[in-house]
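Reproduced below: upload-v4.txt, with compact mmCIF, C-alpha atoms and all ligand atoms.
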# COMPACT_ATOMS: atom_id res chain seq x y z
CA MET A 1 -2.79 13.71 -25.79
CA ASP A 2 -5.97 11.61 -25.59
CA TYR A 3 -7.00 10.27 -22.25
CA VAL A 4 -10.25 9.14 -20.66
CA ASN A 5 -11.56 10.62 -17.44
CA ALA A 6 -11.76 7.11 -15.98
CA LYS A 7 -13.20 6.38 -12.55
CA GLY A 8 -10.92 5.23 -9.76
CA HIS A 9 -11.20 4.03 -6.20
CA ILE A 10 -8.47 5.31 -3.88
CA TYR A 11 -7.86 5.51 -0.14
CA ASP A 12 -5.27 8.25 0.20
CA ILE A 13 -3.19 10.95 -1.47
CA GLN A 14 -0.03 11.93 0.41
CA GLY A 15 2.14 14.89 -0.43
CA TYR A 16 5.80 15.34 0.39
CA ALA A 17 6.57 11.62 0.10
CA VAL A 18 10.32 10.98 0.12
CA HIS A 19 10.35 7.17 0.09
CA ASP A 20 8.33 6.51 -3.05
CA GLY A 21 10.88 7.12 -5.78
CA PRO A 22 13.30 9.94 -6.58
CA GLY A 23 12.90 13.44 -5.12
CA ILE A 24 9.83 14.84 -3.44
CA ARG A 25 6.69 13.16 -4.65
CA THR A 26 2.96 13.04 -4.14
CA THR A 27 1.64 9.50 -3.89
CA VAL A 28 -1.81 8.32 -4.90
CA TYR A 29 -2.89 5.13 -3.15
CA THR A 30 -5.37 3.00 -5.09
CA LYS A 31 -7.57 0.57 -3.19
CA GLY A 32 -7.65 -3.14 -3.99
CA CYS A 33 -4.87 -5.69 -4.43
CA PRO A 34 -4.79 -9.31 -5.68
CA LEU A 35 -2.04 -10.20 -3.16
CA ARG A 36 -2.35 -10.74 0.59
CA CYS A 37 1.23 -10.39 1.85
CA LEU A 38 1.45 -11.50 5.46
CA TRP A 39 3.52 -8.41 6.36
CA CYS A 40 1.39 -5.87 4.44
CA HIS A 41 1.67 -2.55 6.27
CA SER A 42 -1.40 -1.06 4.60
CA PRO A 43 -4.25 -3.54 5.11
CA GLU A 44 -6.72 -0.80 4.17
CA SER A 45 -5.32 -1.07 0.64
CA GLN A 46 -6.17 -4.74 0.15
CA ARG A 47 -9.91 -4.88 -0.42
CA HIS A 48 -11.43 -2.95 -3.28
CA GLU A 49 -14.66 -2.09 -1.46
CA PHE A 50 -15.19 0.70 1.08
CA GLU A 51 -14.31 -0.37 4.62
CA LEU A 52 -15.33 0.69 8.09
CA GLY A 53 -12.40 1.82 10.25
CA TRP A 54 -12.35 2.49 13.99
CA LEU A 55 -10.07 5.06 15.63
CA ALA A 56 -10.87 4.65 19.34
CA LEU A 57 -8.93 7.76 20.38
CA LYS A 58 -11.25 10.01 18.42
CA CYS A 59 -14.40 8.74 20.12
CA ILE A 60 -15.88 11.36 22.49
CA GLY A 61 -18.17 8.78 24.09
CA ALA A 62 -21.68 7.58 23.42
CA GLU A 63 -23.15 9.74 26.20
CA LEU A 64 -21.86 12.96 24.67
CA CYS A 65 -23.00 12.22 21.14
CA GLU A 66 -26.22 10.54 22.28
CA ASP A 67 -25.35 7.15 20.80
CA ALA A 68 -25.21 8.56 17.28
CA CYS A 69 -23.52 5.53 15.73
CA ILE A 70 -25.51 2.99 17.77
CA ARG A 71 -28.80 4.57 16.72
CA ALA A 72 -27.68 4.70 13.09
CA CYS A 73 -26.83 1.00 12.84
CA PRO A 74 -29.69 -0.93 11.18
CA ALA A 75 -28.06 -4.29 11.93
CA GLY A 76 -27.89 -3.69 15.68
CA VAL A 77 -24.24 -4.73 15.88
CA LEU A 78 -23.11 -1.55 17.64
CA THR A 79 -23.84 -1.50 21.35
CA ARG A 80 -22.51 0.39 24.39
CA ASP A 81 -19.28 -1.11 25.67
CA ALA A 82 -18.36 -1.23 29.37
CA PRO A 83 -17.04 2.12 30.69
CA SER A 84 -13.30 2.59 30.27
CA LYS A 85 -10.82 5.31 31.27
CA ARG A 86 -10.21 7.97 28.61
CA THR A 87 -6.56 7.61 27.55
CA GLY A 88 -4.23 9.61 29.80
CA THR A 89 -7.03 10.82 32.14
CA ASP A 90 -9.13 9.61 35.08
CA GLU A 91 -12.31 10.35 33.22
CA TRP A 92 -14.73 7.51 32.39
CA ILE A 93 -16.09 7.13 28.91
CA ILE A 94 -18.51 4.73 27.22
CA LYS A 95 -17.47 3.80 23.74
CA PRO A 96 -19.37 1.67 21.24
CA LYS A 97 -18.60 -2.00 20.83
CA LEU A 98 -18.72 -3.36 17.30
CA ASP A 99 -19.51 -6.95 16.45
CA ARG A 100 -18.07 -7.15 12.94
CA THR A 101 -19.50 -10.61 12.31
CA GLY A 102 -22.99 -9.14 11.80
CA CYS A 103 -21.87 -5.90 10.14
CA THR A 104 -23.27 -5.41 6.63
CA ASN A 105 -20.77 -2.66 5.77
CA CYS A 106 -23.60 -0.17 5.14
CA LEU A 107 -21.36 2.54 6.66
CA LYS A 108 -24.31 4.43 8.20
CA CYS A 109 -22.50 4.59 11.53
CA ALA A 110 -19.55 6.40 9.94
CA GLU A 111 -21.95 8.90 8.39
CA ALA A 112 -23.44 9.55 11.83
CA CYS A 113 -20.14 9.88 13.71
CA VAL A 114 -19.19 13.56 13.85
CA THR A 115 -15.68 12.97 15.17
CA LYS A 116 -14.82 10.37 12.51
CA ALA A 117 -13.88 7.80 15.17
CA LEU A 118 -15.83 5.50 12.87
CA TYR A 119 -14.68 6.32 9.37
CA VAL A 120 -14.83 5.05 5.82
CA SER A 121 -11.63 3.92 4.18
CA GLY A 122 -11.70 4.58 0.42
CA TRP A 123 -13.52 6.97 -1.90
CA ASP A 124 -14.56 7.07 -5.54
CA THR A 125 -12.89 9.59 -7.76
CA ASP A 126 -11.75 10.10 -11.36
CA VAL A 127 -8.65 11.07 -13.31
CA ASP A 128 -9.49 14.79 -13.60
CA THR A 129 -10.17 15.17 -9.89
CA VAL A 130 -6.98 13.39 -8.84
CA TYR A 131 -4.95 15.29 -11.45
CA ALA A 132 -6.23 18.63 -10.12
CA ARG A 133 -5.22 17.64 -6.59
CA LEU A 134 -1.77 16.45 -7.70
CA MET A 135 -1.04 19.62 -9.63
CA LYS A 136 -1.39 21.64 -6.42
CA ASP A 137 1.96 20.05 -5.46
CA ALA A 138 3.60 20.67 -8.85
CA VAL A 139 6.11 23.13 -7.39
CA PHE A 140 7.65 20.28 -5.35
CA PHE A 141 8.15 18.12 -8.45
CA GLU A 142 10.53 20.51 -10.18
CA ASP A 143 13.70 19.23 -8.56
CA GLY A 144 13.64 15.59 -9.66
CA GLY A 145 10.41 14.57 -7.93
CA GLY A 146 6.99 13.75 -9.33
CA VAL A 147 3.96 11.55 -8.78
CA THR A 148 3.92 7.94 -7.60
CA ILE A 149 0.86 5.78 -8.17
CA SER A 150 0.77 3.09 -5.54
CA GLY A 151 -1.72 0.76 -3.90
CA GLY A 152 -3.00 -1.72 -3.26
CA GLU A 153 -2.19 -2.67 -6.82
CA ALA A 154 -2.67 0.26 -9.18
CA MET A 155 -2.64 -2.07 -12.21
CA ALA A 156 -5.85 -3.65 -10.88
CA GLN A 157 -7.62 -0.36 -11.76
CA PHE A 158 -5.99 -0.25 -15.12
CA ASP A 159 -8.13 2.34 -16.94
CA PHE A 160 -7.80 4.80 -14.09
CA THR A 161 -4.06 4.28 -13.68
CA LEU A 162 -3.25 4.34 -17.41
CA ASN A 163 -5.26 7.49 -18.05
CA LEU A 164 -3.87 9.26 -15.00
CA CYS A 165 -0.36 8.46 -16.26
CA LYS A 166 -1.22 9.84 -19.70
CA LYS A 167 -2.61 13.06 -18.29
CA LEU A 168 0.36 13.58 -15.98
CA LYS A 169 2.83 12.83 -18.74
CA ASP A 170 1.18 15.54 -20.85
CA SER A 171 2.21 17.99 -18.12
CA GLY A 172 5.79 16.67 -18.06
CA ILE A 173 5.43 15.09 -14.60
CA HIS A 174 7.82 12.25 -13.69
CA ILE A 175 5.76 9.12 -12.97
CA CYS A 176 6.61 6.16 -10.75
CA LEU A 177 4.32 3.15 -10.66
CA ASP A 178 4.62 1.11 -7.48
CA THR A 179 3.52 -2.41 -8.43
CA THR A 180 3.45 -5.99 -7.25
CA GLY A 181 3.98 -6.99 -10.89
CA PHE A 182 0.89 -9.22 -10.71
CA ALA A 183 -1.13 -8.08 -13.73
CA PRO A 184 -1.41 -9.25 -17.35
CA THR A 185 1.73 -8.62 -19.39
CA GLU A 186 -0.32 -6.87 -22.13
CA ARG A 187 -1.25 -4.24 -19.56
CA PHE A 188 2.37 -3.63 -18.65
CA ALA A 189 3.12 -3.33 -22.38
CA GLU A 190 0.39 -0.72 -22.73
CA ILE A 191 1.38 1.38 -19.74
CA LEU A 192 5.16 1.16 -20.25
CA PRO A 193 5.50 4.30 -22.45
CA TRP A 194 3.83 6.44 -19.76
CA VAL A 195 5.86 5.32 -16.75
CA ASP A 196 9.34 6.65 -16.01
CA LEU A 197 10.19 4.20 -13.24
CA PHE A 198 8.56 1.04 -11.93
CA LEU A 199 8.94 0.45 -8.20
CA TYR A 200 8.84 -3.31 -8.48
CA ASP A 201 8.46 -5.73 -5.57
CA ILE A 202 10.25 -9.09 -5.54
CA LYS A 203 9.15 -11.03 -2.49
CA HIS A 204 10.32 -14.60 -2.92
CA MET A 205 12.06 -16.40 -5.77
CA ASP A 206 10.45 -19.77 -5.00
CA SER A 207 6.91 -19.83 -6.36
CA CYS A 208 5.47 -22.16 -3.68
CA HIS A 209 6.89 -20.02 -0.90
CA HIS A 210 5.71 -16.91 -2.70
CA GLU A 211 2.18 -18.26 -2.83
CA LYS A 212 2.22 -19.15 0.87
CA LEU A 213 3.40 -15.65 1.79
CA THR A 214 1.35 -13.56 -0.62
CA GLY A 215 -1.51 -15.72 -1.90
CA VAL A 216 -0.25 -15.85 -5.51
CA PRO A 217 2.59 -17.65 -7.35
CA ASN A 218 5.48 -15.57 -8.67
CA GLY A 219 5.73 -16.70 -12.33
CA LEU A 220 3.78 -13.77 -13.80
CA ILE A 221 5.62 -11.29 -11.57
CA LEU A 222 9.05 -12.47 -12.69
CA ASP A 223 7.95 -12.67 -16.33
CA ASN A 224 6.63 -9.11 -16.23
CA ALA A 225 9.88 -7.85 -14.72
CA ARG A 226 11.78 -9.55 -17.56
CA TYR A 227 9.36 -8.09 -20.10
CA LEU A 228 9.77 -4.54 -18.78
CA ALA A 229 13.55 -4.87 -18.63
CA ALA A 230 13.69 -6.18 -22.21
CA HIS A 231 11.46 -3.40 -23.55
CA GLY A 232 13.14 -0.30 -22.15
CA GLY A 233 11.47 -0.09 -18.73
CA ALA A 234 13.40 1.19 -15.71
CA LEU A 235 12.97 -0.75 -12.49
CA GLN A 236 13.71 0.09 -8.90
CA VAL A 237 13.44 -3.33 -7.31
CA ARG A 238 12.18 -3.52 -3.74
CA PHE A 239 12.90 -6.60 -1.69
CA PRO A 240 11.22 -6.69 1.74
CA ILE A 241 13.25 -8.88 4.09
CA ILE A 242 11.02 -10.75 6.52
CA PRO A 243 12.86 -12.86 9.12
CA LYS A 244 12.32 -16.60 8.70
CA LEU A 245 9.95 -16.08 5.76
CA ASN A 246 12.19 -14.99 2.89
CA ASP A 247 15.60 -14.25 4.43
CA SER A 248 17.38 -17.54 3.73
CA PRO A 249 20.82 -17.19 2.10
CA GLU A 250 19.47 -19.13 -0.90
CA ASN A 251 16.58 -16.76 -1.44
CA ILE A 252 18.71 -13.64 -0.98
CA ALA A 253 21.23 -14.98 -3.52
CA ALA A 254 18.47 -16.00 -5.96
CA THR A 255 16.88 -12.55 -5.70
CA ALA A 256 20.22 -10.87 -6.35
CA ASP A 257 20.82 -13.19 -9.33
CA PHE A 258 17.43 -12.30 -10.75
CA CYS A 259 18.11 -8.56 -10.38
CA ALA A 260 21.47 -9.03 -12.10
CA GLU A 261 19.72 -10.93 -14.92
CA LEU A 262 17.54 -7.85 -15.53
CA GLY A 263 20.72 -5.91 -16.29
CA LYS A 264 20.88 -2.15 -16.73
CA ALA A 265 17.08 -1.86 -16.43
CA VAL A 266 17.56 -2.06 -12.66
CA THR A 267 18.38 1.46 -11.53
CA LEU A 268 18.44 0.53 -7.86
CA VAL A 269 17.69 -2.41 -5.54
CA GLN A 270 16.25 -1.43 -2.18
CA LEU A 271 16.35 -3.89 0.69
CA LEU A 272 13.47 -3.13 3.01
CA PRO A 273 13.85 -4.50 6.55
CA TYR A 274 10.58 -5.81 8.00
CA HIS A 275 8.84 -3.45 10.44
CA GLN A 276 5.55 -3.47 12.32
CA ALA A 277 4.50 0.09 11.46
CA GLY A 278 1.17 -1.06 10.04
CA ARG A 279 0.15 -3.17 13.01
CA MET A 280 -2.30 -0.64 14.51
CA LYS A 281 -4.11 -0.41 11.19
CA TYR A 282 -5.17 -4.04 11.51
CA GLU A 283 -6.83 -3.23 14.83
CA ARG A 284 -8.65 -0.29 13.29
CA LEU A 285 -10.10 -2.58 10.63
CA GLY A 286 -10.84 -5.39 13.09
CA ARG A 287 -8.45 -7.83 11.41
CA PRO A 288 -5.81 -10.04 13.00
CA TYR A 289 -2.12 -9.15 12.54
CA ARG A 290 -0.44 -12.44 11.74
CA LEU A 291 3.24 -11.58 12.24
CA LYS A 292 3.04 -10.43 15.87
CA ASN A 293 6.07 -12.48 16.85
CA VAL A 294 8.34 -11.46 14.01
CA VAL A 295 10.98 -8.90 14.94
CA PRO A 296 12.84 -6.63 12.49
CA PRO A 297 16.11 -8.08 11.13
CA PRO A 298 19.28 -6.78 12.84
CA GLU A 299 21.31 -4.12 11.04
CA GLU A 300 24.28 -6.51 10.61
CA PHE A 301 22.02 -8.99 8.84
CA MET A 302 20.81 -6.31 6.43
CA GLU A 303 24.40 -5.21 5.75
CA LYS A 304 25.37 -8.81 4.93
CA ALA A 305 22.38 -9.16 2.60
CA LEU A 306 23.39 -5.92 0.90
CA GLU A 307 26.85 -7.34 0.23
CA VAL A 308 25.22 -10.13 -1.79
CA PHE A 309 23.72 -7.54 -4.15
CA LYS A 310 26.88 -5.44 -4.24
CA ALA A 311 28.89 -8.52 -5.21
CA ARG A 312 26.82 -8.74 -8.39
CA GLY A 313 27.57 -5.10 -9.26
CA LEU A 314 24.02 -3.96 -8.56
CA PRO A 315 23.28 -0.42 -7.38
CA CYS A 316 21.68 -1.12 -4.01
CA GLN A 317 20.82 0.28 -0.61
CA ILE A 318 19.04 -0.54 2.63
CA HIS A 319 15.93 1.57 2.71
S1 LIG B 1 -17.90 6.39 17.53
FE1 LIG B 1 -18.58 8.44 17.00
S2 LIG B 1 -20.81 8.37 17.07
FE2 LIG B 1 -20.07 6.53 18.11
S3 LIG B 1 -19.96 7.07 20.28
FE3 LIG B 1 -17.93 7.52 19.45
S4 LIG B 1 -18.01 9.69 18.78
FE4 LIG B 1 -20.14 8.98 19.12
S1 LIG B 2 -21.38 -0.41 8.84
FE1 LIG B 2 -21.80 -2.12 10.18
S2 LIG B 2 -21.67 -1.25 12.22
FE2 LIG B 2 -21.84 0.47 10.81
S3 LIG B 2 -24.04 0.93 10.68
FE3 LIG B 2 -23.62 -0.51 9.03
S4 LIG B 2 -23.98 -2.55 9.90
FE4 LIG B 2 -23.80 -1.11 11.59
Please rewrite the model in this file as structure tokens.
Ligand code: SF4
Ligand code: SF4
Amino acid sequence: MDYVNAKGHIYDIQGYAVHDGPGIRTTVYTKGCPLRCLWCHSPESQRHEFELGWLALKCIGAELCEDACIRACPAGVLTRDAPSKRTGTDEWIIKPKLDRTGCTNCLKCAEACVTKALYVSGWDTDVDTVYARLMKDAVFFEDGGGVTISGGEAMAQFDFTLNLCKKLKDSGIHICLDTTGFAPTERFAEILPWVDLFLYDIKHMDSCHHEKLTGVPNGLILDNARYLAAHGGALQVRFPIIPKLNDSPENIAATADFCAELGKAVTLVQLLPYHQAGRMKYERLGRPYRLKNVVPPPEEFMEKALEVFKARGLPCQIH
């Protein structure tokens, strides 16, 4: 089968993933996404460019490493912070303080930091390199698992994603594509033959609300879901339930109606209760977490929401 060794920009590859489609899977995370969901639990996936991350626990202290990062910074935005106690000890440590407003993202500090307390999120790669890494896990795929390509939005790096799918398909690997659905319909038409299952997010049925919550309207997303369903695609719909943002009875019913409209193409609907698991990642990237005061929905609420989907005969679960 013909494929191109296209370039890609990714930020992670995780083996033994059991929440990204059927069976045991290895998930490739592409970097860059056109949406900005308020609850996004992987903020490092949003921007396409490399990003500077900060893992304070890994810092051994500027005295020990002789100010390696501070000396490396050409913009002078890294300075010594006030001494603080090393976590869980009585020992004092001086860590660097970063003023991100003047940071040029040159990433020289991450290069200089031996402990990777300052690190770069994202790396350039290509289809052959990622394929070789994925095939190391091939033994795990035999029992109904496979590869999931996620993001960010994998469709935003279309050549890389399409050609990786083609190469994997040539080896008989089951492919899931985890997508926001926000990409041109022609691209979904082109990739459809190479994808076994779309993990497809539906976030709000009202376009104005959708735009407020994610930064984009939902028309294209709903149209693409309809297109895939009408052309033989299989969809596992994922509906994140965020208290007070998209959990009204009207929106839950409208989402269930939409899934029912897609018919047999929907193999499963997963209701995903909001959680704050990604909150620390915002700190590492120096970005504000905007849903600090939102708490996960109670179990009884999720069960009631599930009933709405069951009532329409949809295969569904709380995930
Ligand atoms: S961030 Fe890295 S280079 Fe900077 S003080 Fe800490 S360990 Fe040293
Ligand atoms: S990435 Fe920012 S903080 Fe790091 S060396 Fe460059 S300018 Fe300085």
| message | Calculated over all atoms listed in the file, which of the candidates A:Glu91, A:Glu283, A:Glu111, A:Asp99 has the smallest distance to ligand LIG 1 (chain B)? | response |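 That would be A:Glu111, the residue with the smallest distance to ligand LIG 1 (chain B).
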| field | Contacts of ligand LIG 1 (chain B), 9 Å or closer, all atoms listed in the file, given as a VMD selection string | value | chain A and resid 54 to 56 58 to 72 78 80 94 to 96 109 to 119
Residues of chain A at most 7 Å from ligand LIG 2 (chain B): nearest atom pair and distance in Å, all atoms listed in the file, as CSV:
residue,atom,partner,partner_atom,distance
A:Leu52,CA,B:LIG2,S1,6.2
A:Cys69,CA,B:LIG2,S3,6.9
A:Ala72,CA,B:LIG2,S3,5.8
A:Cys73,CA,B:LIG2,S3,3.5
A:Pro74,CA,B:LIG2,FE4,5.9
A:Ala75,CA,B:LIG2,S4,4.9
A:Gly76,CA,B:LIG2,FE4,6.3
A:Val77,CA,B:LIG2,FE4,5.6
A:Leu78,CA,B:LIG2,S2,5.6
A:Leu98,CA,B:LIG2,S2,6.2
A:Arg100,CA,B:LIG2,FE1,6.8
A:Gly102,CA,B:LIG2,S4,6.9
A:Cys103,CA,B:LIG2,FE1,3.8
A:Thr104,CA,B:LIG2,S4,4.4
A:Asn105,CA,B:LIG2,S1,3.9
A:Cys106,CA,B:LIG2,FE3,3.9
A:Leu107,CA,B:LIG2,S1,3.7
A:Lys108,CA,B:LIG2,S3,4.3
A:Cys109,CA,B:LIG2,S3,4.1
A:Ala110,CA,B:LIG2,FE2,6.4
Mind writing the picked residues with C-alpha atoms as a PDB file, in the coordinates of the input?
ATOM      1  CA  LEU A  52     -15.330   0.690   8.090  1.00  0.00           C
ATOM      2  CA  CYS A  69     -23.520   5.530  15.730  1.00  0.00           C
ATOM      3  CA  ALA A  72     -27.680   4.700  13.090  1.00  0.00           C
ATOM      4  CA  CYS A  73     -26.830   1.000  12.840  1.00  0.00           C
ATOM      5  CA  PRO A  74     -29.690  -0.930  11.180  1.00  0.00           C
ATOM      6  CA  ALA A  75     -28.060  -4.290  11.930  1.00  0.00           C
ATOM      7  CA  GLY A  76     -27.890  -3.690  15.680  1.00  0.00           C
ATOM      8  CA  VAL A  77     -24.240  -4.730  15.880  1.00  0.00           C
ATOM      9  CA  LEU A  78     -23.110  -1.550  17.640  1.00  0.00           C
ATOM     10  CA  LEU A  98     -18.720  -3.360  17.300  1.00  0.00           C
ATOM     11  CA  ARG A 100     -18.070  -7.150  12.940  1.00  0.00           C
ATOM     12  CA  GLY A 102     -22.990  -9.140  11.800  1.00  0.00           C
ATOM     13  CA  CYS A 103     -21.870  -5.900  10.140  1.00  0.00           C
ATOM     14  CA  THR A 104     -23.270  -5.410   6.630  1.00  0.00           C
ATOM     15  CA  ASN A 105     -20.770  -2.660   5.770  1.00  0.00           C
ATOM     16  CA  CYS A 106     -23.600  -0.170   5.140  1.00  0.00           C
ATOM     17  CA  LEU A 107     -21.360   2.540   6.660  1.00  0.00           C
ATOM     18  CA  LYS A 108     -24.310   4.430   8.200  1.00  0.00           C
ATOM     19  CA  CYS A 109     -22.500   4.590  11.530  1.00  0.00           C
ATOM     20  CA  ALA A 110     -19.550   6.400   9.940  1.00  0.00           C
TER      21      ALA A 110
END
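Across A:Gln236, A:Asn251, A:Thr87, A:Thr161, the tightest approach to Lys31 (chain A) is made by A:Thr161 when counting all atoms listed in the file.
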| request: Quick one: pull the distance between CA of Pro193 (chain A) and CA of Ser42 (chain A), Å, one decimal. | output: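 Interatomic distance here is 28.4 Å.
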I'd like the neighbourhood of region 207-214 of chain A as an mmCIF file with C-alpha atoms, keeping the file's coordinate frame, where a residue qualifies if any of its atoms comes within 9 Å (using all atoms listed in the file), though same-chain residues fewer than 3 positions away should be ignored.
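So out_4.cif came out as:
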data_model
loop_
_atom_site.group_PDB
_atom_site.id
_atom_site.type_symbol
_atom_site.label_atom_id
_atom_site.label_comp_id
_atom_site.auth_asym_id
_atom_site.auth_seq_id
_atom_site.Cartn_x
_atom_site.Cartn_y
_atom_site.Cartn_z
ATOM 1 C CA LEU A 35 -2.040 -10.200 -3.160
ATOM 2 C CA ARG A 36 -2.350 -10.740 0.590
ATOM 3 C CA CYS A 37 1.230 -10.390 1.850
ATOM 4 C CA LEU A 38 1.450 -11.500 5.460
ATOM 5 C CA TRP A 39 3.520 -8.410 6.360
ATOM 6 C CA LYS A 203 9.150 -11.030 -2.490
ATOM 7 C CA HIS A 204 10.320 -14.600 -2.920
ATOM 8 C CA PRO A 217 2.590 -17.650 -7.350
ATOM 9 C CA ASN A 218 5.480 -15.570 -8.670
ATOM 10 C CA GLY A 219 5.730 -16.700 -12.330
ATOM 11 C CA LEU A 245 9.950 -16.080 5.760
ATOM 12 C CA ASN A 246 12.190 -14.990 2.890
#
| said: I'd like the neighbourhood of Thr27 (chain A) as a PyMOL selection string, where a residue qualifies if any of its atoms comes within 9 Å (using all atoms listed in the file), though same-chain residues fewer than 6 positions away should be ignored. | reply: chain A and resi 12-17+20+134+146-150
| field | Non-local contacts of Gly278 (chain A) (8 Å; all atoms listed in the file; under 6 positions in same chain excluded) as a ChimeraX atom specification | value | /A:40-43
| field | Residue neighbourhood Leu314 (chain A), 10 Å, all atoms listed in the file, exclusion window fewer than 2 positions, as a list in words | value | Ala256, Asp257, Cys259, Ala260, Gly263, Lys264, Val266, Thr267, Leu268, Val269, Leu306, Glu307, Val308, Phe309, Lys310, Ala311, Arg312, Cys316 and Gln317 of chain A
Please report as CSV every residue of region 18-128 of chain A lying within 10 Å of region 169-180 of chain A, along with the nearest atom pair and their distance in Å (one decimal), using only C-alpha atoms.
residue,atom,partner,partner_atom,distance
A:Asp20,CA,A:Cys176,CA,7.9
A:Gly21,CA,A:Cys176,CA,6.6
A:Pro22,CA,A:Cys176,CA,8.7
A:Arg25,CA,A:His174,CA,9.2
A:Thr27,CA,A:Cys176,CA,9.1
A:Val28,CA,A:Leu177,CA,9.9
A:Tyr29,CA,A:Asp178,CA,9.6
A:Cys33,CA,A:Thr180,CA,8.8
A:Pro34,CA,A:Thr180,CA,9.0
A:Leu35,CA,A:Thr180,CA,8.0
Write a file of the just-selected residues containing C-alpha atoms, as a short mmCIF file (atom, residue, chain, number, x, y, z; two decimals), keeping the file's coordinate frame.
data_model
loop_
_atom_site.label_atom_id
_atom_site.label_comp_id
_atom_site.auth_asym_id
_atom_site.auth_seq_id
_atom_site.Cartn_x
_atom_site.Cartn_y
_atom_site.Cartn_z
CA ASP A 20 8.33 6.51 -3.05
CA GLY A 21 10.88 7.12 -5.78
CA PRO A 22 13.30 9.94 -6.58
CA ARG A 25 6.69 13.16 -4.65
CA THR A 27 1.64 9.50 -3.89
CA VAL A 28 -1.81 8.32 -4.90
CA TYR A 29 -2.89 5.13 -3.15
CA CYS A 33 -4.87 -5.69 -4.43
CA PRO A 34 -4.79 -9.31 -5.68
CA LEU A 35 -2.04 -10.20 -3.16
#
| task | Find, counting only C-alpha atoms, the residue in A:Pro288, A:Gly53, A:Gly8, A:Gly181 that gets nearest to Leu228 (chain A). | result |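 The closest residue to Leu228 (chain A) is A:Gly181.
Using only C-alpha atoms, the smallest distance between any of A:Arg187, A:Lys244, A:Lys97, A:Arg290 and Tyr227 (chain A) comes from A:Arg187.
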| request: Could you tell me how far CA of Ala183 (chain A) lies from CA of Ala6 (chain A), in Å and to one decimal? | output: 18.7 Å
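In this structure, CA of Ala225 (chain A) sits 7.7 Å away from CA of Leu262 (chain A).
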| field | Pick from A:Pro315, A:Pro298, A:Gly286, A:Pro273, whichever lies nearest to Val237 (chain A) using all atoms listed in the file | value |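 Among A:Pro315, A:Pro298, A:Gly286, A:Pro273, it is A:Pro315 that comes nearest to Val237 (chain A).
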For region 1-10 of chain A, where the input has fewer atoms than it should, I would like N, CA, C and O atoms rebuilt and written as a compact mmCIF listing (two decimals), in the frame of the given file.
# COMPACT_ATOMS: atom_id res chain seq x y z
N MET A 1 -2.80 15.16 -25.91
CA MET A 1 -2.79 13.71 -25.79
C MET A 1 -4.19 13.22 -25.35
O MET A 1 -4.83 13.84 -24.52
N ASP A 2 -4.64 12.12 -25.94
CA ASP A 2 -5.97 11.61 -25.59
C ASP A 2 -5.92 10.81 -24.29
O ASP A 2 -5.04 9.98 -24.10
N TYR A 3 -6.86 11.09 -23.45
CA TYR A 3 -7.00 10.27 -22.25
C TYR A 3 -8.48 10.24 -21.90
O TYR A 3 -9.27 11.07 -22.37
N VAL A 4 -8.85 9.28 -21.08
CA VAL A 4 -10.25 9.14 -20.66
C VAL A 4 -10.34 9.53 -19.19
O VAL A 4 -9.45 9.19 -18.40
N ASN A 5 -11.39 10.25 -18.84
CA ASN A 5 -11.56 10.62 -17.44
C ASN A 5 -12.11 9.42 -16.66
O ASN A 5 -13.24 9.43 -16.19
N ALA A 6 -11.30 8.39 -16.56
CA ALA A 6 -11.76 7.11 -15.98
C ALA A 6 -11.99 7.23 -14.48
O ALA A 6 -11.35 8.02 -13.80
N LYS A 7 -12.90 6.42 -14.00
CA LYS A 7 -13.20 6.38 -12.55
C LYS A 7 -12.12 5.60 -11.81
O LYS A 7 -11.55 4.65 -12.37
N GLY A 8 -11.87 5.97 -10.58
CA GLY A 8 -10.92 5.23 -9.76
C GLY A 8 -11.41 5.14 -8.33
O GLY A 8 -12.31 5.88 -7.93
N HIS A 9 -10.83 4.21 -7.61
CA HIS A 9 -11.20 4.03 -6.20
C HIS A 9 -9.90 4.09 -5.40
O HIS A 9 -9.03 3.24 -5.58
N ILE A 10 -9.75 5.11 -4.58
CA ILE A 10 -8.47 5.31 -3.88
C ILE A 10 -8.72 5.43 -2.37
O ILE A 10 -9.87 5.59 -1.94
